[in-house]
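I have placed the structure first, in the form of structure tokens, so that the comments after it can refer back to it.
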Amino acid sequence: MVMLRAPLKERADGQGTVDVPGDSLGELLRELERRFPRLEGWVLDEHGTIRRHVNVFVDGERGREDTPLLPGARIHVLPSISGGSRS
Amino acid sequence: MIELLVGTKKGLFVLRGEPGAPFEVATRAFPGDIVEFATRDPRTGRYFASVTSGFFGPRLMYSDDPMGEWEQAKGPTFPEDIPDVSLDRIWIVQPGETAGVLYAGVAPAALFVSTDSGETWELNRALWNVPTRPEWNPGAGGLALHSICPWPGDPQRLAVGISAAGVWLSEDGGQTWRTGYTGLVPQYVPEDQRETTHALCVHNMHRAPQRPERLFMQFHGSVYRSDDTGETWNDIAEGLPSGFGFPMAIDPSDPDSAYVIPLTADLDRVTPGGNVRVFETRDAGAGWTAHGDGLPSNDAYLTILRQAFGHDGGSPLGLYFGATSGDVFGSADAGATWFTVREHLAPVTSVRVAGPS
């Protein structure tokens, strides 16, 4: 289960909670992009790497692309407090 | 009524008004995101905005109505076979000479091409693969391809400016590239290395459309003109208070014209003496005229960024520029007098005239 906030929620057709399959976090996020093409490039860069200023938590722990997912895992995608420095 | 696209550190402001009085904010798009550059393709009327989120990265957006919805373009992004490089910033979008063709200049320095009016983009691999690229170094703003100069009526000929990797020229539609370095003097490099360095920090470059073999350039420390398609460059900064600055504009109807807004120096990037002035040449750089009537002249230490100076192409020429102070200024008489277009916006990154609205 993936939890999304603005502005990602809007780009996922307004859905704040999305059930997306995946054995790893990277796989899940790529499937999320496939399901919601307007999210393409927002969480993952063009090479499938989680953007530097986006934090993705898996059951409360910071996750990486290769983090394995257990059944029922809860995924939160959040902007990092380190982001926005160029603005 | 004039429509201005003002990119800022906090969104895109679409300003509309009659020259001579403050403009109204017609809309603010992409709130909270940096809009590095925004322009309108005069051939199709389509608007483009280079948007960078401090969190979610850079992207190119387009719309046929800036008051409505924006679509995200597919690209520019670096292809899978260049795995260690990701898009950092889109510096410029420039209409080409063939229907549907646009160019985008990005950081890290690369040229992208669209053949479908900006909806999808592809990397120009010839420029990406030039042998000297490993020796290129970024300027303070990153390794940026920020100036793209098509040749009116000839889609094969193209000049691009890169900070800090000089001028690159193509005469075969971007299939091959060569440098246009001769005459540029990088004063920030030891004298014995100036002949061989690639560290040529172009700040801005424009072609004179009525005489396309002529280009004007704002460099890191001087202003130059080329009369041979960018092969060689002549210093034309004499008469300016400083050779340093970022933005540049030309009057497209006059191949002898150029406008610059000098800053004090690379170590002090503000308007000299707290006096905001635009300098104009109408004799290809032989002399410069200072214009400040209507601009702040007392303790006004403004910084005007690279893309924050645009014109309307009209006669007389309308000129508009914005500062990191959030102020935008305009002139309806080719720079002779100025008025305040808008105050208190966010730091201005780009200004372009979308046209009469």
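Identifiers for the structure tokens are assigned positionally: chains receive A, B, ... in sequence, residues are indexed from 1 per chain, and ligands are indexed from 1 in the order shown.
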What are the nearest atom pairs, with distances in Å to one decimal, for all residues of chain B that come at most 9 Å from chain A, using only C-alpha atoms, set out by chain and rising residue number as a tab-separated table?
```
residue	atom	partner	partner_atom	distance
B:Lys9	CA	A:Ser87	CA	5.5
B:Lys10	CA	A:Ser87	CA	7.1
B:Gly32	CA	A:Ser87	CA	8.0
B:Asp33	CA	A:Ser87	CA	7.2
B:Ile34	CA	A:Ser87	CA	6.2
B:Thr52	CA	A:Ser87	CA	8.9
B:Ser53	CA	A:Gly84	CA	7.0
B:Gly54	CA	A:Gly84	CA	3.7
B:Phe55	CA	A:His53	CA	4.9
B:Phe56	CA	A:Trp42	CA	4.8
B:Gly57	CA	A:Trp42	CA	6.5
B:Pro58	CA	A:Gly41	CA	8.3
B:Arg59	CA	A:Gly41	CA	8.0
B:Glu71	CA	A:Arg38	CA	8.8
B:Gln72	CA	A:Arg38	CA	7.5
B:Thr77	CA	A:Glu46	CA	6.2
B:Phe78	CA	A:Glu46	CA	6.7
B:Pro79	CA	A:Glu46	CA	7.5
B:Glu80	CA	A:His47	CA	6.4
B:Ile82	CA	A:His47	CA	8.9
B:Pro83	CA	A:His47	CA	6.4
B:Asp84	CA	A:His47	CA	8.2
B:Val85	CA	A:His47	CA	8.5
B:Ser86	CA	A:Glu46	CA	6.6
B:Leu87	CA	A:Glu46	CA	8.0
```
* Would you please give, as number ranges by chain, all residues of chain A that DSSP assigns to strand (DSSP E) based on the backbone? => A: 2-4, 17-18, 54-58, 61-62, 75-79
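Of the residues listed (B:Gly335, B:Pro247, B:Pro241, B:Pro42), B:Pro241 shows the shortest atom-to-atom separation from Asn275 in chain B; distances use only C-alpha atoms.
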* State, in Å with one decimal place, the distance from CA of Gly11 in chain B to CA of Ile261 in chain B. => 23.9 Å
Please identify which residues in range 2-172 of chain B DSSP calls helix (DSSP H, G or I) from the backbone, and express them as a PDB file with N, CA and C atoms, in the first residue's frame.
```pdb
ATOM      1  N   ARG B 125      23.260  13.407 -29.844  1.00  0.00           N
ATOM      2  CA  ARG B 125      24.391  12.596 -29.390  1.00  0.00           C
ATOM      3  C   ARG B 125      25.722  13.113 -29.931  1.00  0.00           C
ATOM      4  N   ALA B 126      25.688  13.780 -31.070  1.00  0.00           N
ATOM      5  CA  ALA B 126      26.957  14.255 -31.626  1.00  0.00           C
ATOM      6  C   ALA B 126      27.613  15.264 -30.688  1.00  0.00           C
ATOM      7  N   LEU B 127      26.827  16.170 -30.145  1.00  0.00           N
ATOM      8  CA  LEU B 127      27.405  17.141 -29.222  1.00  0.00           C
ATOM      9  C   LEU B 127      27.735  16.476 -27.882  1.00  0.00           C
ATOM     10  N   TRP B 128      26.911  15.530 -27.489  1.00  0.00           N
ATOM     11  CA  TRP B 128      27.194  14.830 -26.236  1.00  0.00           C
ATOM     12  C   TRP B 128      28.526  14.069 -26.313  1.00  0.00           C
ATOM     13  N   ARG B 133      34.634  16.604 -24.210  1.00  0.00           N
ATOM     14  CA  ARG B 133      33.660  16.737 -23.115  1.00  0.00           C
ATOM     15  C   ARG B 133      34.227  16.371 -21.737  1.00  0.00           C
ATOM     16  N   PRO B 134      35.021  15.318 -21.604  1.00  0.00           N
ATOM     17  CA  PRO B 134      35.554  15.009 -20.259  1.00  0.00           C
ATOM     18  C   PRO B 134      36.367  16.146 -19.644  1.00  0.00           C
ATOM     19  N   GLU B 135      36.821  17.082 -20.490  1.00  0.00           N
ATOM     20  CA  GLU B 135      37.618  18.202 -19.972  1.00  0.00           C
ATOM     21  C   GLU B 135      36.754  19.409 -19.632  1.00  0.00           C
TER      22      GLU B 135
END
```
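Residues surrounding Ala208 in chain B within 9 Å are B:Arg214, B:Leu215, B:Phe216, B:Ile250, B:Asp251, B:Pro252, B:Ser253, B:Asp254, B:Pro255, B:Asp256, B:Ser257, B:Ala258 [only C-alpha atoms; sequence separation below 6 positions excluded].
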* **Within 9 Å of Glu27 in chain A using only C-alpha atoms, minus same-chain residues under 6 positions, as a ChimeraX atom specification** => /A:21,65-66
